[in-house]
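Structure file work.cif (mmCIF, C-alpha atoms and all ligand atoms) follows.
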data_start
#
loop_
_atom_site.label_atom_id
_atom_site.label_comp_id
_atom_site.auth_asym_id
_atom_site.auth_seq_id
_atom_site.Cartn_x
_atom_site.Cartn_y
_atom_site.Cartn_z
CA MET A 1 80.02 92.01 102.89
CA ILE A 2 82.19 92.10 99.85
CA GLY A 3 85.08 94.51 99.42
CA ILE A 4 86.17 95.64 95.99
CA ARG A 5 89.34 97.38 94.85
CA ILE A 6 89.40 99.11 91.48
CA HIS A 7 92.70 99.83 89.74
CA GLY A 8 92.81 102.36 86.97
CA ARG A 9 94.70 105.35 85.68
CA GLY A 10 93.75 108.99 86.04
CA GLY A 11 91.21 109.65 83.26
CA GLN A 12 89.84 106.11 83.03
CA GLY A 13 87.06 106.73 85.53
CA ALA A 14 87.96 104.39 88.39
CA VAL A 15 86.40 106.78 90.87
CA THR A 16 83.22 107.03 88.77
CA ALA A 17 83.13 103.24 88.51
CA SER A 18 83.31 102.96 92.31
CA ARG A 19 80.44 105.42 92.70
CA LEU A 20 78.29 103.72 90.07
CA LEU A 21 78.85 100.31 91.69
CA ALA A 22 77.91 101.65 95.11
CA ASP A 23 74.92 103.56 93.74
CA ALA A 24 73.57 100.61 91.75
CA SER A 25 73.97 98.31 94.77
CA TYR A 26 72.03 100.78 96.88
CA ARG A 27 69.27 100.80 94.26
CA ASP A 28 69.20 97.00 94.63
CA GLY A 29 68.44 97.45 98.32
CA LYS A 30 71.95 96.87 99.64
CA PHE A 31 74.15 99.09 101.77
CA SER A 32 77.22 100.37 100.03
CA GLN A 33 80.19 102.66 100.29
CA ALA A 34 82.53 104.11 97.66
CA ILE A 35 85.97 105.25 98.74
CA PRO A 36 87.73 107.29 96.07
CA MET A 37 91.37 108.02 96.67
CA TYR A 38 92.02 111.61 95.69
CA GLY A 39 95.70 112.24 96.11
CA THR A 40 98.41 113.47 93.83
CA GLU A 41 96.99 111.48 90.93
CA ARG A 42 96.90 113.06 87.51
CA ARG A 43 95.84 111.85 84.10
CA GLY A 44 97.60 108.58 83.32
CA ALA A 45 98.89 108.00 86.88
CA PRO A 46 97.89 104.70 88.55
CA LEU A 47 95.18 105.09 91.16
CA VAL A 48 92.78 102.98 93.18
CA ALA A 49 89.24 103.28 94.47
CA TYR A 50 87.33 100.99 96.80
CA VAL A 51 83.75 99.82 97.29
CA ARG A 52 82.01 97.90 100.04
CA ILE A 53 78.63 96.25 99.53
CA ASP A 54 76.68 94.59 102.30
CA ASP A 55 73.19 93.59 103.39
CA VAL A 56 73.59 95.63 106.57
CA ARG A 57 74.88 99.13 107.23
CA VAL A 58 78.56 99.51 106.40
CA ARG A 59 80.39 101.07 109.34
CA GLU A 60 84.00 100.54 108.36
CA ARG A 61 85.79 103.55 106.91
CA GLU A 62 89.15 101.88 106.44
CA LEU A 63 90.53 101.11 103.00
CA VAL A 64 89.69 97.63 101.73
CA HIS A 65 92.95 95.79 102.41
CA GLU A 66 91.72 92.29 101.58
CA PRO A 67 89.24 92.62 98.75
CA ASP A 68 86.94 89.86 97.55
CA VAL A 69 87.01 91.29 94.04
CA VAL A 70 89.64 93.33 92.21
CA ILE A 71 88.76 95.19 89.01
CA VAL A 72 91.56 96.33 86.71
CA LEU A 73 90.56 98.95 84.14
CA ASP A 74 93.89 99.17 82.35
CA PRO A 75 95.48 95.99 80.96
CA LEU A 76 99.01 97.34 81.31
CA LEU A 77 98.62 98.05 85.01
CA SER A 78 98.80 94.37 85.86
CA LYS A 79 102.29 94.32 84.39
CA LYS A 80 103.39 97.19 86.63
CA GLN A 81 101.49 96.62 89.85
CA SER A 82 100.72 93.55 91.90
CA VAL A 83 97.01 93.97 91.28
CA ALA A 84 96.12 90.71 93.02
CA SER A 85 97.89 91.79 96.21
CA GLY A 86 95.68 91.18 99.24
CA LEU A 87 92.96 89.54 97.13
CA LYS A 88 91.31 86.90 99.31
CA LYS A 89 91.90 83.25 98.63
CA GLY A 90 89.33 82.21 96.06
CA GLY A 91 88.71 85.89 95.25
CA LEU A 92 87.91 87.18 91.80
CA LEU A 93 90.07 89.33 89.53
CA ILE A 94 88.18 91.01 86.67
CA LEU A 95 90.76 92.19 84.21
CA ASN A 96 90.41 94.41 81.18
CA SER A 97 92.35 92.26 78.73
CA SER A 98 92.03 90.85 75.25
CA LEU A 99 93.63 87.63 76.54
CA PRO A 100 91.67 84.63 77.78
CA PRO A 101 92.07 84.21 81.56
CA GLU A 102 94.26 81.13 81.11
CA LYS A 103 96.90 83.32 79.43
CA VAL A 104 96.98 86.00 82.12
CA GLU A 105 100.31 85.95 83.97
CA ILE A 106 98.98 86.57 87.44
CA ALA A 107 99.57 83.99 90.15
CA GLY A 108 97.58 83.07 93.24
CA ASP A 109 94.73 81.00 94.55
CA ILE A 110 92.28 83.26 92.77
CA LYS A 111 89.87 83.21 89.87
CA ILE A 112 90.33 85.40 86.82
CA ALA A 113 87.76 86.66 84.33
CA THR A 114 88.70 88.86 81.40
CA VAL A 115 86.83 91.22 79.13
CA ASP A 116 88.24 93.46 76.42
CA ALA A 117 86.79 96.61 77.93
CA THR A 118 89.05 98.87 75.86
CA LYS A 119 87.66 97.42 72.62
CA ILE A 120 84.11 97.77 73.96
CA ALA A 121 84.70 101.37 75.06
CA LEU A 122 86.16 102.27 71.67
CA GLU A 123 83.20 100.68 69.88
CA THR A 124 80.49 102.21 72.06
CA LEU A 125 81.94 105.45 73.45
CA LYS A 126 84.60 106.08 70.79
CA LEU A 127 86.97 106.72 73.72
CA PRO A 128 89.20 104.33 75.72
CA ILE A 129 87.34 105.10 78.96
CA THR A 130 86.75 101.66 80.39
CA ASN A 131 85.02 102.36 83.70
CA THR A 132 81.43 101.71 82.65
CA ALA A 133 82.36 99.04 80.13
CA ILE A 134 83.67 96.81 82.90
CA LEU A 135 80.61 97.18 85.14
CA GLY A 136 78.56 94.80 83.00
CA ALA A 137 81.32 92.23 83.41
CA PHE A 138 81.17 92.74 87.18
CA SER A 139 77.39 92.23 87.25
CA LYS A 140 77.65 89.03 85.23
CA SER A 141 80.61 87.62 87.21
CA VAL A 142 79.47 88.53 90.73
CA GLY A 143 75.70 88.32 90.25
CA TYR A 144 74.95 91.90 91.31
CA PRO A 145 74.26 94.78 91.05
CA THR A 146 71.49 94.07 88.57
CA MET A 147 71.92 95.48 85.09
CA GLU A 148 68.67 97.39 85.61
CA SER A 149 70.14 99.22 88.61
CA ILE A 150 73.42 99.90 86.84
CA GLU A 151 71.44 101.39 83.95
CA LYS A 152 69.56 103.67 86.36
CA SER A 153 72.82 104.77 88.01
CA ILE A 154 74.39 105.52 84.64
CA ARG A 155 71.36 107.49 83.42
CA ASN A 156 71.49 109.46 86.64
CA GLN A 157 75.22 110.17 86.25
CA PHE A 158 75.23 110.72 82.47
CA PRO A 159 71.85 111.94 81.22
CA GLY A 160 71.02 111.79 77.51
CA ARG A 161 73.06 110.34 74.67
CA VAL A 162 76.25 109.80 76.70
CA GLY A 163 74.30 107.71 79.17
CA GLU A 164 72.86 105.54 76.40
CA MET A 165 76.36 105.00 74.96
CA ASN A 166 77.59 103.88 78.37
CA ILE A 167 74.59 101.56 78.75
CA ALA A 168 75.48 99.97 75.43
CA ALA A 169 78.99 99.43 76.84
CA ILE A 170 77.78 97.64 79.98
CA HIS A 171 75.52 95.33 77.97
CA GLN A 172 78.34 94.42 75.62
CA SER A 173 80.71 93.67 78.51
CA TYR A 174 77.98 91.60 80.22
CA GLU A 175 77.81 89.47 77.09
CA GLU A 176 81.53 89.27 76.38
CA VAL A 177 83.14 88.68 79.79
CA THR A 178 84.67 85.23 80.05
CA PRO A 179 83.69 82.76 82.76
CA ALA A 180 85.98 83.05 85.81
CA VAL A 181 88.65 80.35 85.89
CA GLN A 182 91.27 79.41 88.43
CA ALA A 183 94.56 81.24 87.89
CA THR A 184 97.04 78.88 86.32
CA HIS A 185 100.18 80.98 86.43
CA THR A 186 102.46 80.03 89.32
CA GLU A 187 105.13 82.72 89.55
CA PRO A 188 104.21 86.34 90.34
CA VAL A 189 105.45 88.64 87.59
CA VAL A 190 105.28 91.76 89.70
CA GLU A 191 106.57 92.23 93.24
CA GLU A 192 104.03 92.77 96.04
CA SER A 193 105.57 96.10 96.94
CA ASP A 194 104.76 97.54 93.55
CA ILE A 195 101.14 98.19 94.49
CA ALA A 196 100.06 101.67 95.53
CA VAL A 197 96.92 101.57 97.65
CA GLY A 198 97.54 104.23 100.26
CA GLY A 199 95.48 107.21 101.30
CA TYR A 200 96.44 110.85 101.54
CA GLY A 201 98.60 110.07 104.52
CA VAL A 202 100.63 107.56 102.58
CA LEU A 203 101.19 110.04 99.80
CA LYS A 204 102.20 113.01 101.91
CA ASP A 205 102.38 114.50 105.35
CA VAL A 206 98.94 115.75 106.40
CA SER A 207 99.80 116.54 110.00
CA SER A 208 99.34 120.27 109.32
CA TRP A 209 95.62 119.64 108.61
CA ARG A 210 94.97 118.81 112.26
CA VAL A 211 93.19 121.20 114.58
CA PHE A 212 92.92 118.45 117.20
CA THR A 213 95.33 115.57 117.79
CA PRO A 214 94.19 112.11 118.97
CA ILE A 215 96.19 110.75 121.91
CA ILE A 216 95.65 107.17 123.05
CA ASP A 217 95.79 106.29 126.73
CA LEU A 218 97.32 102.82 126.36
CA ASP A 219 96.69 102.01 130.04
CA LYS A 220 92.94 102.13 129.35
CA CYS A 221 93.07 100.64 125.85
CA THR A 222 91.41 97.21 125.66
CA GLY A 223 92.96 96.35 122.30
CA CYS A 224 89.60 96.11 120.52
CA ARG A 225 91.07 97.50 117.25
CA ALA A 226 88.06 99.73 116.53
CA CYS A 227 90.32 102.76 115.98
CA TRP A 228 92.58 100.77 113.64
CA LEU A 229 89.54 99.55 111.74
CA PHE A 230 87.83 102.90 111.31
CA CYS A 231 90.73 105.30 110.66
CA PRO A 232 90.19 106.39 107.04
CA GLU A 233 93.86 107.26 106.55
CA THR A 234 95.46 104.04 107.85
CA ALA A 235 97.22 106.32 110.33
CA ILE A 236 96.77 103.78 113.14
CA GLN A 237 99.13 100.87 112.97
CA TRP A 238 98.91 97.71 115.05
CA LYS A 239 102.18 97.04 116.83
CA ASP A 240 102.84 94.61 119.68
CA ASN A 241 99.08 94.16 120.04
CA ARG A 242 98.66 97.90 120.59
CA PRO A 243 97.44 100.78 118.43
CA GLU A 244 100.09 103.28 117.44
CA ILE A 245 99.28 106.50 115.59
CA GLU A 246 101.57 107.56 112.77
CA TYR A 247 100.98 111.25 113.16
CA HIS A 248 102.21 112.35 109.75
CA LYS A 249 99.26 110.41 108.27
CA CYS A 250 96.70 111.68 110.78
CA LYS A 251 94.48 114.53 109.52
CA GLY A 252 92.64 114.89 112.83
CA CYS A 253 89.19 113.79 111.67
CA GLY A 254 88.29 112.41 115.11
CA ILE A 255 86.70 109.19 113.86
CA CYS A 256 88.94 107.10 116.12
CA VAL A 257 87.88 109.23 119.09
CA GLU A 258 84.21 108.65 118.26
CA GLU A 259 84.58 104.94 117.67
CA CYS A 260 86.69 104.00 120.70
CA PRO A 261 84.22 102.10 122.90
CA VAL A 262 86.05 102.87 126.16
CA LYS A 263 86.78 106.51 125.28
CA CYS A 264 90.49 106.23 125.88
CA ILE A 265 91.47 108.49 122.98
CA ALA A 266 91.71 112.14 123.97
CA PHE A 267 91.38 114.84 121.30
CA GLU A 268 93.72 117.66 122.18
CA ARG A 269 93.73 121.06 120.56
CA VAL A 270 96.83 121.82 118.53
CA VAL A 271 98.20 125.08 119.84
CA ALA A 272 99.70 127.16 117.04
S1 LIG B 301 91.98 111.44 113.96
FE1 LIG B 301 93.80 110.67 112.88
S2 LIG B 301 94.16 108.63 113.69
FE2 LIG B 301 92.07 109.22 114.29
S3 LIG B 301 90.75 108.40 112.67
FE3 LIG B 301 91.24 110.50 112.05
S4 LIG B 301 93.10 110.33 110.76
FE4 LIG B 301 92.88 108.38 111.88
S1 LIG B 302 89.39 101.84 119.90
FE1 LIG B 302 90.16 102.45 121.90
S2 LIG B 302 90.19 100.58 123.12
FE2 LIG B 302 89.99 99.96 120.99
S3 LIG B 302 92.12 99.62 120.32
FE3 LIG B 302 91.64 101.72 119.80
S4 LIG B 302 92.32 102.94 121.55
FE4 LIG B 302 92.23 100.79 122.21
#
Would you put the structure from the file into structure tokens?
Amino acid sequence: MIGIRIHGRGGQGAVTASRLLADASYRDGKFSQAIPMYGTERRGAPLVAYVRIDDVRVRERELVHEPDVVIVLDPLLSKKQSVASGLKKGGLLILNSSLPPEKVEIAGDIKIATVDATKIALETLKLPITNTAILGAFSKSVGYPTMESIEKSIRNQFPGRVGEMNIAAIHQSYEEVTPAVQATHTEPVVEESDIAVGGYGVLKDVSSWRVFTPIIDLDKCTGCRACWLFCPETAIQWKDNRPEIEYHKCKGCGICVEECPVKCIAFERVVA
């Protein structure tokens, strides 16, 4: 399985990019999952979306904390956020930048490929919307999804002339992305804590959404971590080798209850 994190700003289409990547991968016969983060984002605000692609069914619902690939749609974001945070050793950063990868000031044992997706978007779409432009670069750098499947996904999402303009963008980025090279910069320019990758629960208190509240019986808990893995809101923390629910992040979806193999999470009605 590969996990992908996409950084963008509201209006740049990071969520659409995640859906197109997942859809095109599915058309290639893979299993995939797109996780858009709808929160308090607005146009211009930094946001993230996630994708998982695998040869077998994807069961995780957690955010992708340690991605294999990070895509950055906005060149200025990498100066404000630690976009390589959590990226696996040897992982790939695909950056929208007019700079060659050797000049990118991002440190780590990672590879960097760059493509001037803003220039491509302006030339093909006449708008600085870089989400589709960077997908061709992804296909070239990672080896999938195939361009044919990305084209089908784009035509499905944007029928007619707009779709054809976006297809021109992906072909141009496929041709223009640089080869991935080892990051040469040694000092991180941005602090780790500057990244914002949380879910609704990180952004605000969602405890009032709950109709039922999960309660873990720690005496029966085997410490398998399934609840921690599957909680879509990162509401379950792992402390002292035990799960601990941060209730202000818990929206009461019940996924942890379903996934616990020994059924030691009760789901109790909230009495109001
Ligand atoms: S019920 Fe709460 S803790 Fe359990 S998976 Fe859903 S959000 Fe996470
Ligand atoms: S899924 Fe159940 S058994 Fe596993 S860690 Fe969570 S509460 Fe414990």
Around ligand LIG 302 (chain B), at most 9 Å away and counting only C-alpha atoms and all ligand atoms, which residues are there? Put them as a ChimeraX atom specification, please. /A:215-218,220-230,236,238,241-244,256-265
Closest of A:Glu102, A:Glu176, A:Asp219, A:Glu60 to ligand LIG 301 (chain B) - atom-to-atom distances counting only C-alpha atoms and all ligand atoms: A:Glu60
From the options A:Ala117, A:Ile112, A:Ile255, A:Leu76, which residue's atoms come nearest to Pro46 in chain A, counting all atoms listed in the file? A:Leu76
Can you tell me, as a VMD selection string, what residues are no more than 8 Å from range 20-27 of chain A when counting only C-alpha atoms, ignoring any on the same chain fewer than 4 positions away? chain A and resid 16 31 to 34 51 to 53 135 144 to 146 149 to 150 152 to 154
How far is it from CA of Val83 in chain A to CA of Ser98 in chain A, in Å with one decimal?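 One can read the CA of Val83 in chain A to CA of Ser98 in chain A distance as 17.1 Å.
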I'd like to know which of A:Pro100, A:Pro75, A:Gly136, A:Gly91 is closest to Gln12 in chain A, using only C-alpha atoms.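 Nearest to Gln12 in chain A: A:Pro75.
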Could you list, as a PyMOL selection string, all residues that come within 6 Å of ligand LIG 301 (chain B)? Count only C-alpha atoms and all ligand atoms. chain A and resi 214+231-233+235-236+245+250-256
Write out as number ranges by chain each polymer residue whose atoms come within 10 Å of Leu77 in chain A, counting all atoms listed in the file; drop sequence neighbours fewer than 2 positions from it. A: 7-9, 46-47, 72-75, 79-83, 95-96, 195
Between A:His185, A:Lys30, A:Lys119, A:Lys126, which has the minimum distance to Ser97 in chain A (counting only C-alpha atoms)?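 Among A:His185, A:Lys30, A:Lys119, A:Lys126, it is A:Lys119 that comes nearest to Ser97 in chain A.
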Have a look at A:Asp116, A:Glu151, A:Asp28, A:Asp55 and name the one nearest to Met1 in chain A; count all atoms listed in the file.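 Going through A:Asp116, A:Glu151, A:Asp28, A:Asp55 one by one, the smallest distance to Met1 in chain A is for A:Asp55.
In this model, the gap between CA of Gly3 in chain A and CA of Thr234 in chain A comes to 16.4 Å.
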A:Asn156, A:Glu164, A:Ala113, A:Asp205: which is nearest Glu246 in chain A, counting only C-alpha atoms?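 Closest candidate: A:Asp205.
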d(CA of Ala14 in chain A, CA of Thr130 in chain A) in Å: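 Atom-to-atom, CA of Ala14 in chain A and CA of Thr130 in chain A are spaced 8.5 Å apart.
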Write range 127-148 of chain A as a short mmCIF file (atom, residue, chain, number, x, y, z; two decimals), keeping the file's coordinate frame, completed to N, CA, C and O atoms.
data_model
loop_
_atom_site.label_atom_id
_atom_site.label_comp_id
_atom_site.auth_asym_id
_atom_site.auth_seq_id
_atom_site.Cartn_x
_atom_site.Cartn_y
_atom_site.Cartn_z
N LEU A 127 85.88 106.26 72.84
CA LEU A 127 86.97 106.72 73.72
C LEU A 127 87.43 105.54 74.56
O LEU A 127 86.60 104.70 74.95
N PRO A 128 88.72 105.47 74.91
CA PRO A 128 89.20 104.33 75.72
C PRO A 128 88.93 104.52 77.21
O PRO A 128 89.81 104.33 78.05
N ILE A 129 87.71 104.92 77.55
CA ILE A 129 87.34 105.10 78.96
C ILE A 129 86.57 103.85 79.38
O ILE A 129 85.43 103.64 78.95
N THR A 130 87.23 103.03 80.20
CA THR A 130 86.75 101.66 80.39
C THR A 130 85.92 101.46 81.66
O THR A 130 85.55 100.34 81.98
N ASN A 131 85.65 102.54 82.38
CA ASN A 131 85.02 102.36 83.70
C ASN A 131 83.62 101.76 83.61
O ASN A 131 83.29 100.83 84.34
N THR A 132 82.78 102.28 82.71
CA THR A 132 81.43 101.71 82.65
C THR A 132 81.46 100.38 81.92
O THR A 132 80.70 99.46 82.28
N ALA A 133 82.33 100.28 80.92
CA ALA A 133 82.36 99.04 80.13
C ALA A 133 82.57 97.83 81.03
O ALA A 133 82.02 96.76 80.79
N ILE A 134 83.35 97.99 82.09
CA ILE A 134 83.67 96.81 82.90
C ILE A 134 82.57 96.49 83.92
O ILE A 134 82.56 95.41 84.51
N LEU A 135 81.64 97.42 84.12
CA LEU A 135 80.61 97.18 85.14
C LEU A 135 79.66 96.04 84.74
O LEU A 135 79.16 95.31 85.60
N GLY A 136 79.40 95.92 83.45
CA GLY A 136 78.56 94.80 83.00
C GLY A 136 79.24 93.47 83.30
O GLY A 136 78.59 92.50 83.70
N ALA A 137 80.56 93.45 83.11
CA ALA A 137 81.32 92.23 83.41
C ALA A 137 81.23 91.92 84.90
O ALA A 137 81.12 90.76 85.30
N PHE A 138 81.28 92.94 85.73
CA PHE A 138 81.17 92.74 87.18
C PHE A 138 79.81 92.14 87.51
O PHE A 138 79.71 91.16 88.26
N SER A 139 78.75 92.72 86.96
CA SER A 139 77.39 92.23 87.25
C SER A 139 77.25 90.76 86.86
O SER A 139 76.70 89.96 87.62
N LYS A 140 77.76 90.42 85.71
CA LYS A 140 77.65 89.03 85.23
C LYS A 140 78.47 88.09 86.13
O LYS A 140 78.01 87.01 86.51
N SER A 141 79.69 88.50 86.47
CA SER A 141 80.61 87.62 87.21
C SER A 141 80.22 87.47 88.67
O SER A 141 80.38 86.40 89.26
N VAL A 142 79.75 88.55 89.28
CA VAL A 142 79.47 88.53 90.73
C VAL A 142 78.00 88.22 91.00
O VAL A 142 77.66 87.66 92.04
N GLY A 143 77.13 88.60 90.06
CA GLY A 143 75.70 88.32 90.25
C GLY A 143 74.91 89.55 90.67
O GLY A 143 73.69 89.52 90.71
N TYR A 144 75.58 90.62 91.00
CA TYR A 144 74.95 91.90 91.31
C TYR A 144 75.99 92.99 91.19
O TYR A 144 77.17 92.65 91.16
N PRO A 145 75.59 94.23 91.12
CA PRO A 145 74.26 94.78 91.05
C PRO A 145 73.56 94.33 89.76
O PRO A 145 74.20 93.91 88.81
N THR A 146 72.24 94.44 89.77
CA THR A 146 71.49 94.07 88.57
C THR A 146 71.79 95.06 87.45
O THR A 146 72.11 96.23 87.71
N MET A 147 71.68 94.58 86.23
CA MET A 147 71.92 95.48 85.09
C MET A 147 70.90 96.63 85.10
O MET A 147 71.21 97.75 84.71
N GLU A 148 69.70 96.34 85.55
CA GLU A 148 68.67 97.39 85.61
C GLU A 148 69.12 98.53 86.53
O GLU A 148 68.98 99.71 86.19
#
